[in-house]
Structure formats: C-alpha cells, structure tokens
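To be precise, the following lines are my_file-v6.csv, and they hold CSV, C-alpha atoms.
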```csv
chain,number,residue,atom,x,y,z
C,1,MET,CA,91.4,124.8,70.9
C,2,THR,CA,90.8,121.1,70.5
C,3,ARG,CA,93.1,118.4,69.2
C,4,TYR,CA,92.2,114.7,69.0
C,5,ASP,CA,93.0,111.4,67.3
C,6,ARG,CA,90.4,110.8,64.7
C,7,VAL,CA,91.0,107.1,64.2
C,8,ILE,CA,91.5,104.6,67.0
C,9,PRO,CA,92.1,100.9,66.1
C,10,PRO,CA,90.3,98.1,68.0
C,11,GLY,CA,91.9,97.7,71.4
C,12,GLY,CA,93.8,100.9,71.0
C,13,LYS,CA,93.7,104.3,72.7
C,14,GLY,CA,93.8,107.9,71.6
C,15,LYS,CA,93.8,111.4,73.0
C,16,ILE,CA,91.5,114.3,73.1
C,17,GLU,CA,93.1,117.6,74.2
C,18,LEU,CA,90.9,120.5,75.2
C,19,ALA,CA,92.3,123.9,75.9
C,20,ILE,CA,90.8,127.0,77.4
C,21,ASP,CA,92.0,130.6,77.0
C,22,SER,CA,91.3,132.1,80.4
C,23,ARG,CA,91.6,135.7,79.2
C,24,GLY,CA,87.9,136.1,78.9
C,25,VAL,CA,87.0,134.0,81.9
C,26,ARG,CA,86.4,135.3,85.4
C,27,GLY,CA,85.6,133.3,88.5
C,28,ASP,CA,84.2,129.8,88.4
C,29,PHE,CA,83.8,128.2,85.0
C,30,ARG,CA,82.4,125.0,83.6
C,31,LYS,CA,83.0,124.2,79.9
C,32,ARG,CA,81.5,121.3,78.1
C,33,ALA,CA,82.7,119.5,74.9
C,34,ILE,CA,80.8,116.8,73.1
C,35,VAL,CA,82.7,113.9,71.4
C,36,TRP,CA,80.9,112.5,68.4
C,37,SER,CA,82.0,109.0,67.3
C,38,ASN,CA,80.8,106.0,65.2
C,39,ASP,CA,80.0,103.9,68.3
C,40,ARG,CA,76.3,103.3,67.8
C,41,GLU,CA,75.6,102.8,71.4
C,42,ARG,CA,77.3,106.0,72.5
C,43,MET,CA,77.4,108.3,69.6
C,44,SER,CA,78.1,111.4,71.8
C,45,ILE,CA,79.9,111.7,75.1
C,46,ALA,CA,80.2,114.9,77.1
C,47,LEU,CA,83.5,116.0,78.6
C,48,TYR,CA,83.7,118.7,81.3
C,49,LEU,CA,86.4,121.1,82.3
C,50,MET,CA,86.0,123.1,85.5
C,51,GLY,CA,88.0,125.5,87.5
C,52,VAL,CA,88.5,129.0,88.9
C,53,VAL,CA,90.1,132.0,87.1
C,54,ARG,CA,91.4,134.8,89.4
C,55,PRO,CA,91.9,138.3,88.2
C,56,HIS,CA,95.4,139.7,88.7
C,57,ILE,CA,93.9,143.0,89.9
C,58,ILE,CA,90.4,143.6,91.2
C,59,LEU,CA,88.6,146.9,90.6
C,60,GLU,CA,85.9,147.5,93.3
C,61,PRO,CA,83.1,148.1,92.7
C,62,GLY,CA,83.9,147.6,89.0
C,63,ASN,CA,85.6,149.1,86.1
C,64,TYR,CA,82.9,151.8,85.6
C,65,LEU,CA,82.4,155.1,87.4
C,66,SER,CA,79.5,157.5,86.9
C,67,LEU,CA,79.7,161.2,87.9
C,68,GLN,CA,76.3,162.9,88.1
C,69,GLY,CA,75.2,166.2,89.5
C,70,VAL,CA,75.1,170.0,89.1
C,71,ARG,CA,78.2,171.5,87.7
C,72,GLY,CA,80.6,172.5,90.5
C,73,HIS,CA,78.9,170.3,93.0
C,74,VAL,CA,79.2,166.8,91.5
C,75,PRO,CA,80.0,164.2,94.1
C,76,PRO,CA,83.3,162.4,93.4
C,77,GLY,CA,83.4,158.8,92.3
C,78,HIS,CA,85.5,156.3,94.3
C,79,MET,CA,87.1,153.0,93.3
C,80,GLU,CA,89.6,150.6,94.9
C,81,ILE,CA,92.4,148.9,93.1
C,82,ILE,CA,93.2,145.7,94.8
C,83,ASN,CA,96.3,143.6,94.0
C,84,ASN,CA,95.4,139.9,93.9
C,85,HIS,CA,99.0,138.7,94.1
C,86,GLN,CA,101.5,138.4,97.0
C,87,ARG,CA,104.0,140.4,95.0
C,88,PRO,CA,103.5,144.2,95.4
C,89,LEU,CA,101.8,146.1,92.7
C,90,TRP,CA,102.9,149.5,91.7
C,91,ILE,CA,101.0,152.1,89.8
C,92,LYS,CA,103.3,153.6,87.2
C,93,GLY,CA,100.9,156.3,85.9
C,94,ILE,CA,97.4,157.3,85.1
C,95,ALA,CA,96.1,158.9,81.9
C,96,THR,CA,92.7,159.9,80.6
C,97,ASP,CA,91.0,160.9,77.3
C,98,LEU,CA,88.8,163.3,79.3
C,99,PRO,CA,91.4,165.9,80.4
C,100,ASP,CA,88.7,168.7,80.3
C,101,ASN,CA,86.2,166.8,82.4
C,102,ILE,CA,87.9,164.9,85.1
C,103,THR,CA,90.8,164.8,87.5
C,104,TRP,CA,91.9,162.1,89.9
C,105,THR,CA,93.7,161.3,93.1
C,106,LEU,CA,95.4,158.1,93.9
C,107,LYS,CA,96.1,157.1,97.5
C,108,GLU,CA,97.9,154.0,98.9
C,109,ILE,CA,95.8,152.2,101.5
C,110,GLU,CA,98.0,149.2,101.8
C,111,PRO,CA,101.3,149.9,100.0
C,112,GLY,CA,101.7,147.6,97.0
C,113,HIS,CA,98.3,145.9,97.6
C,114,LYS,CA,95.4,148.3,97.9
C,115,TYR,CA,94.9,151.7,96.4
C,116,SER,CA,92.0,154.2,96.5
C,117,LEU,CA,91.2,156.1,93.4
C,118,GLU,CA,89.0,159.2,93.6
C,119,VAL,CA,87.7,160.8,90.4
C,120,GLU,CA,86.3,164.4,90.3
C,121,ASP,CA,84.4,166.2,87.7
C,122,ILE,CA,86.0,169.5,86.6
C,123,SER,CA,83.8,170.2,83.6
C,124,LYS,CA,83.4,173.9,82.8
C,125,ASN,CA,80.2,173.4,80.9
C,126,PRO,CA,77.2,171.2,81.6
C,127,GLY,CA,76.6,168.1,79.4
C,128,ASP,CA,77.2,164.4,79.1
C,129,TYR,CA,80.6,162.7,78.4
C,130,THR,CA,82.0,159.2,78.3
C,131,GLY,CA,85.7,158.4,78.4
C,132,HIS,CA,88.4,156.4,80.1
C,133,LEU,CA,91.1,156.4,82.8
C,134,PHE,CA,94.1,154.3,81.8
C,135,VAL,CA,96.0,153.0,84.8
C,136,ARG,CA,99.4,151.6,84.0
C,137,THR,CA,100.8,149.0,86.4
C,138,ASP,CA,104.1,147.1,86.8
C,139,ASN,CA,102.3,143.8,86.5
C,140,PRO,CA,103.5,142.4,83.1
C,141,LYS,CA,100.4,140.3,82.8
C,142,LYS,CA,98.1,143.3,83.5
C,143,SER,CA,100.0,146.3,82.5
C,144,GLU,CA,97.0,148.5,81.9
C,145,LEU,CA,93.6,148.8,83.6
C,146,VAL,CA,90.9,150.6,81.7
C,147,ILE,CA,88.2,152.4,83.7
C,148,VAL,CA,85.2,153.7,81.9
C,149,ILE,CA,84.0,157.1,83.2
C,150,SER,CA,80.7,158.6,82.3
C,151,GLY,CA,79.4,162.0,83.4
C,152,GLN,CA,76.0,163.7,83.3
C,153,ILE,CA,76.5,167.3,84.4
C,154,SER,CA,73.6,169.6,84.7
C,155,LYS,CA,73.4,173.4,84.8
C,156,GLU,CA,71.3,173.9,87.9
J,1,MET,CA,51.6,59.5,53.5
J,2,PHE,CA,52.4,62.3,55.9
J,3,LYS,CA,49.4,64.6,56.2
J,4,ILE,CA,49.2,67.9,57.9
J,5,SER,CA,46.2,69.8,59.0
J,6,LEU,CA,45.7,73.5,58.4
J,7,LYS,CA,46.0,74.2,62.1
J,8,GLY,CA,49.2,72.4,62.3
J,9,ALA,CA,50.6,74.3,59.3
J,10,VAL,CA,49.8,77.6,60.9
J,11,ILE,CA,51.6,76.5,64.1
J,12,ILE,CA,54.6,75.3,62.2
J,13,PHE,CA,54.7,78.6,60.3
J,14,PHE,CA,54.7,80.8,63.4
J,15,LEU,CA,57.2,78.5,65.1
J,16,GLY,CA,59.5,79.0,62.1
J,17,LEU,CA,59.1,82.7,62.3
J,18,GLY,CA,60.0,82.7,65.9
J,19,LEU,CA,63.2,80.7,65.3
J,20,LEU,CA,64.1,82.9,62.5
J,21,GLY,CA,63.7,86.0,64.6
J,22,LYS,CA,65.8,84.4,67.4
J,23,GLY,CA,68.5,83.6,64.9
J,24,GLN,CA,68.6,87.2,63.6
J,25,SER,CA,68.9,88.5,67.1
J,26,LEU,CA,71.9,86.4,68.0
J,27,SER,CA,73.5,87.4,64.7
J,28,ALA,CA,73.1,91.1,65.5
J,29,LYS,CA,74.7,90.7,68.9
J,30,GLY,CA,77.6,88.9,67.5
J,31,GLU,CA,78.5,91.8,65.1
J,32,GLN,CA,80.4,94.0,67.5
J,33,GLY,CA,81.5,97.5,66.3
J,34,PRO,CA,83.7,100.1,67.9
J,35,ILE,CA,83.1,100.8,71.6
J,36,ILE,CA,84.2,104.2,72.9
J,37,HIS,CA,85.4,104.4,76.5
J,38,ILE,CA,86.6,107.5,78.3
J,39,GLY,CA,87.5,106.6,81.9
J,40,THR,CA,87.2,110.1,83.3
J,41,THR,CA,84.9,112.6,81.6
J,42,SER,CA,85.6,115.6,83.8
J,43,HIS,CA,88.6,117.5,85.0
J,44,THR,CA,89.0,120.3,87.6
J,45,PHE,CA,92.0,122.6,87.2
J,46,SER,CA,93.8,124.2,90.1
J,47,PRO,CA,93.0,127.9,90.4
J,48,VAL,CA,94.8,130.1,87.9
J,49,TYR,CA,95.2,133.8,87.1
J,50,GLU,CA,93.5,135.3,84.0
J,51,GLY,CA,95.5,134.9,80.8
J,52,GLU,CA,96.9,131.5,81.6
J,53,GLU,CA,96.2,128.8,79.1
J,54,LEU,CA,94.5,125.7,80.5
J,55,SER,CA,94.6,122.4,78.7
J,56,HIS,CA,93.8,118.8,79.6
J,57,THR,CA,94.1,115.6,77.7
J,58,PHE,CA,91.5,112.9,78.0
J,59,THR,CA,92.4,109.3,77.0
J,60,VAL,CA,89.9,107.5,74.8
J,61,PHE,CA,89.9,103.7,74.5
J,62,ASN,CA,88.4,101.6,71.8
J,63,LYS,CA,87.2,98.5,73.5
J,64,GLY,CA,85.4,97.2,70.4
J,65,THR,CA,86.3,95.1,67.4
J,66,ALA,CA,86.1,97.7,64.7
J,67,THR,CA,87.9,101.0,64.1
J,68,LEU,CA,86.6,103.9,66.2
J,69,ASN,CA,86.3,107.1,64.4
J,70,ILE,CA,86.1,110.4,66.3
J,71,LYS,CA,84.0,112.4,63.9
J,72,LYS,CA,84.1,115.7,65.7
J,73,VAL,CA,84.4,117.5,69.0
J,74,THR,CA,82.0,120.4,69.6
J,75,HIS,CA,81.9,123.0,72.4
J,76,SER,CA,78.9,124.4,74.1
```

What would you get if you wrote out this structure as structure tokens?
Amino acid sequence: MTRYDRVIPPGGKGKIELAIDSRGVRGDFRKRAIVWSNDRERMSIALYLMGVVRPHIILEPGNYLSLQGVRGHVPPGHMEIINNHQRPLWIKGIATDLPDNITWTLKEIEPGHKYSLEVEDISKNPGDYTGHLFVRTDNPKKSELVIVISGQISKE
Amino acid sequence: MFKISLKGAVIIFFLGLGLLGKGQSLSAKGEQGPIIHIGTTSHTFSPVYEGEELSHTFTVFNKGTATLNIKKVTHS
C-alpha cells in the first residue's frame, strides 16, 4: 500500500507512506519503490525498505513430506515443529484428508517449543497420493500449519 | 563613412552569436523549477513476525520555486 502527497508547494514538504504486508515474506527482504515527479533533474528517485520477517513456527525440513517405497515397508517421514516464540506453543490437534493412507505420531522434544512429527504410510493398496496434514496450534497468529504429504507406494 | 570589411562582418556575426548563446544559457539557469529532496531514501525495520504490517513514512521536500508534483509511486 502506498499513500503520498501529490502536490507540494515551493518550500513545502510532503509525505510518502509505504507499507508492506509481511504475510507472504520470509527472512530478509528488500523492497524498492520509485517516486516519479516533475523535477526535471531528478524525475525518479528510488526508496528502499529492508528488514527481517520471522516465522511464528518453523517446520524443518519444510512443509512437505514424501513417502516412497514398497507397500508395508515404506520408511516413515519425519518433521520438526519448532516454536519461534518465547511463549510456549501447544498443538491442539492434527487432522488429515488422507485417512486411508497415513497415520502420524507427535512427540514433545522440548515441551512447548519443539515437537517431532512422524508420518507413516498405511496404504492397503499401491499407488500415488497427495494430501495434507492440518496441525492446529494455540498461536492465534498461526492457528493452523498445513503440511503437504505425497506418497508413491509400489507393489513389490 | 563607416566601412566594414567582409572579414570584419563575419567576426562580428559570430561574436554576436556567442553573446546570444551566453544570454540564453543564463536565462535557462535562472528559471528554477521544482526540486525534489528526500533526506533519507532507505529504512530498515526491526525484525518482525510474519503477518505484521510494516509501514514507513518518508518526508519529501520541495526546495524549488515551482510546485512539485508527485506523479506516481511504483513498486518493483
């Protein structure tokens, strides 16, 4: 979002307000805006906004798990859920849209701060699937984590 | 009677052109328009958590003698 004074009298001053929605930003960022004016010597001036956006919760190694192998012998997938706040984080529940394909186990490593999530394939038939695990948390700013699960299960 | 040679006329002509040019140049410098000035053109925010809105206001000065128009602000 950008707001600015369009007309500034001689000797006067005005404002240019630049805003960034950090929802889609992760880590270091550098945003540039160009101001175009009727000053013939400096018709355009670049403005820069920089900073760091921290996630509330970190999923390691990422928000994607792949399960591959022979049916009945598929190695489980592992993930860590790390709280990035001082205040403890509690997992309120986990749901999936792949009830026939996966099951999960959640363990506390550091209560309120680090959890281990193990996902196992329970498919009765070989085949490919893609779905999600929905992890509900008590953090109002990040009340749900969505983990993408993909499976490639072979017969032999 | 005052007589002037062809050579002299040519010299006077080019001298005149030179003075005219100088005069135009001085005139152009005298016509001052708007002058945009932004003291600080960058800002670094303190670290924030995702989802927080970040905003910063830059102050723009017009140090010229004519109205400064901000035509647009684009993002890249």

(message) Report, in Å with one decimal, the straight-line distance from CA of Ser76 (chain J) to CA of Ile57 (chain C).
(response)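 Value for the CA of Ser76 (chain J)-CA of Ile57 (chain C) distance: 28.6 Å.
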
Counting all atoms listed in the file, which residues of chain C fall within 9 Å of chain J, and what is the closest atom pair for each with its distance in Å at one decimal, ordered by chain and rising number, as JSON lines?
```
{"residue": "C:Met1", "atom": "CA", "partner": "J:Ser55", "partner_atom": "CA", "distance": 8.8}
{"residue": "C:Thr2", "atom": "CA", "partner": "J:Val73", "partner_atom": "CA", "distance": 7.5}
{"residue": "C:Arg3", "atom": "CA", "partner": "J:Val73", "partner_atom": "CA", "distance": 8.7}
{"residue": "C:Tyr4", "atom": "CA", "partner": "J:Ile70", "partner_atom": "CA", "distance": 7.9}
{"residue": "C:Asp5", "atom": "CA", "partner": "J:Ile70", "partner_atom": "CA", "distance": 7.0}
{"residue": "C:Arg6", "atom": "CA", "partner": "J:Ile70", "partner_atom": "CA", "distance": 4.6}
{"residue": "C:Val7", "atom": "CA", "partner": "J:Asn69", "partner_atom": "CA", "distance": 4.7}
{"residue": "C:Ile8", "atom": "CA", "partner": "J:Leu68", "partner_atom": "CA", "distance": 5.0}
{"residue": "C:Pro9", "atom": "CA", "partner": "J:Thr67", "partner_atom": "CA", "distance": 4.7}
{"residue": "C:Pro10", "atom": "CA", "partner": "J:Thr65", "partner_atom": "CA", "distance": 5.0}
{"residue": "C:Gly11", "atom": "CA", "partner": "J:Lys63", "partner_atom": "CA", "distance": 5.2}
{"residue": "C:Gly12", "atom": "CA", "partner": "J:Asn62", "partner_atom": "CA", "distance": 5.5}
{"residue": "C:Lys13", "atom": "CA", "partner": "J:Phe61", "partner_atom": "CA", "distance": 4.2}
{"residue": "C:Gly14", "atom": "CA", "partner": "J:Val60", "partner_atom": "CA", "distance": 5.1}
{"residue": "C:Lys15", "atom": "CA", "partner": "J:Thr59", "partner_atom": "CA", "distance": 4.7}
{"residue": "C:Ile16", "atom": "CA", "partner": "J:Phe58", "partner_atom": "CA", "distance": 5.1}
{"residue": "C:Glu17", "atom": "CA", "partner": "J:Thr57", "partner_atom": "CA", "distance": 4.2}
{"residue": "C:Leu18", "atom": "CA", "partner": "J:Ser55", "partner_atom": "CA", "distance": 5.4}
{"residue": "C:Ala19", "atom": "CA", "partner": "J:Ser55", "partner_atom": "CA", "distance": 3.9}
{"residue": "C:Ile20", "atom": "CA", "partner": "J:Leu54", "partner_atom": "CA", "distance": 5.0}
{"residue": "C:Asp21", "atom": "CA", "partner": "J:Glu53", "partner_atom": "CA", "distance": 5.0}
{"residue": "C:Ser22", "atom": "CA", "partner": "J:Gly51", "partner_atom": "CA", "distance": 5.1}
{"residue": "C:Arg23", "atom": "CA", "partner": "J:Gly51", "partner_atom": "CA", "distance": 4.3}
{"residue": "C:Gly24", "atom": "CA", "partner": "J:Glu50", "partner_atom": "CA", "distance": 7.6}
{"residue": "C:Val25", "atom": "CA", "partner": "J:Glu50", "partner_atom": "CA", "distance": 7.0}
{"residue": "C:Arg26", "atom": "CA", "partner": "J:Glu50", "partner_atom": "CA", "distance": 7.2}
{"residue": "C:Lys31", "atom": "CA", "partner": "J:Ser76", "partner_atom": "CA", "distance": 7.1}
{"residue": "C:Arg32", "atom": "CA", "partner": "J:Ser76", "partner_atom": "CA", "distance": 5.7}
{"residue": "C:Ala33", "atom": "CA", "partner": "J:His75", "partner_atom": "CA", "distance": 4.4}
{"residue": "C:Ile34", "atom": "CA", "partner": "J:Thr74", "partner_atom": "CA", "distance": 5.2}
{"residue": "C:Val35", "atom": "CA", "partner": "J:Val73", "partner_atom": "CA", "distance": 4.6}
{"residue": "C:Trp36", "atom": "CA", "partner": "J:Lys72", "partner_atom": "CA", "distance": 5.3}
{"residue": "C:Ser37", "atom": "CA", "partner": "J:Ile70", "partner_atom": "CA", "distance": 4.4}
{"residue": "C:Asn38", "atom": "CA", "partner": "J:Asn69", "partner_atom": "CA", "distance": 5.7}
{"residue": "C:Asp39", "atom": "CA", "partner": "J:Pro34", "partner_atom": "CA", "distance": 5.3}
{"residue": "C:Arg40", "atom": "CA", "partner": "J:Gly33", "partner_atom": "CA", "distance": 7.9}
{"residue": "C:Glu41", "atom": "CA", "partner": "J:Ile35", "partner_atom": "CA", "distance": 7.8}
{"residue": "C:Arg42", "atom": "CA", "partner": "J:Ile36", "partner_atom": "CA", "distance": 7.1}
{"residue": "C:Met43", "atom": "CA", "partner": "J:Ile36", "partner_atom": "CA", "distance": 8.6}
{"residue": "C:Ile45", "atom": "CA", "partner": "J:Thr41", "partner_atom": "CA", "distance": 8.2}
{"residue": "C:Ala46", "atom": "CA", "partner": "J:Thr41", "partner_atom": "CA", "distance": 6.9}
{"residue": "C:Leu47", "atom": "CA", "partner": "J:Thr41", "partner_atom": "CA", "distance": 4.7}
{"residue": "C:Tyr48", "atom": "CA", "partner": "J:Ser42", "partner_atom": "CA", "distance": 4.4}
{"residue": "C:Leu49", "atom": "CA", "partner": "J:His43", "partner_atom": "CA", "distance": 5.0}
{"residue": "C:Met50", "atom": "CA", "partner": "J:Thr44", "partner_atom": "CA", "distance": 4.6}
{"residue": "C:Gly51", "atom": "CA", "partner": "J:Phe45", "partner_atom": "CA", "distance": 4.9}
{"residue": "C:Val52", "atom": "CA", "partner": "J:Pro47", "partner_atom": "CA", "distance": 4.9}
{"residue": "C:Val53", "atom": "CA", "partner": "J:Val48", "partner_atom": "CA", "distance": 5.1}
{"residue": "C:Arg54", "atom": "CA", "partner": "J:Tyr49", "partner_atom": "CA", "distance": 4.6}
{"residue": "C:Pro55", "atom": "CA", "partner": "J:Glu50", "partner_atom": "CA", "distance": 5.4}
{"residue": "C:His56", "atom": "CA", "partner": "J:Tyr49", "partner_atom": "CA", "distance": 6.1}
{"residue": "C:Lys141", "atom": "CA", "partner": "J:Gly51", "partner_atom": "CA", "distance": 7.6}
```

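Neighbours of Met79 (chain C) closer than or equal to 10 Å, with only C-alpha atoms counted and sequence neighbours fewer than 3 positions away skipped, come out as Leu59, Glu60, Pro61, Gly62, Asn63, Tyr64, Leu65, Ile82, Leu106, Tyr115, Ser116, Leu117, Glu118, Val119 and Ile147 of chain C.
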
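Taking CA of Leu133 (chain C) as the reference point, CA of Ile153 (chain C) is found at 18.3 Å.
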
(request) For Gln152 (chain C), list every protein, DNA or RNA residue within 12 Å, evaluated using all atoms listed in the file, and leave out those in the same chain fewer than 2 positions away; present the list as number ranges by chain. (result) C: 65-71, 74-75, 101, 121, 123, 125-130, 149-150, 154-155

(message) Could you tell me how far CA of His73 (chain C) sits from CA of Glu108 (chain C), in Å to one decimal place?
(response)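 Distance reported for this atom pair: 25.7 Å.
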
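Every protein or nucleic acid residue with an atom no more than 10 Å from Pro99 (chain C), counting all atoms listed in the file and leaving out same-chain residues fewer than 3 positions away, appears here: Ala95, Thr96, Ile102, Thr103, Ile122, Ser123, Gly131, His132 and Leu133 of chain C.
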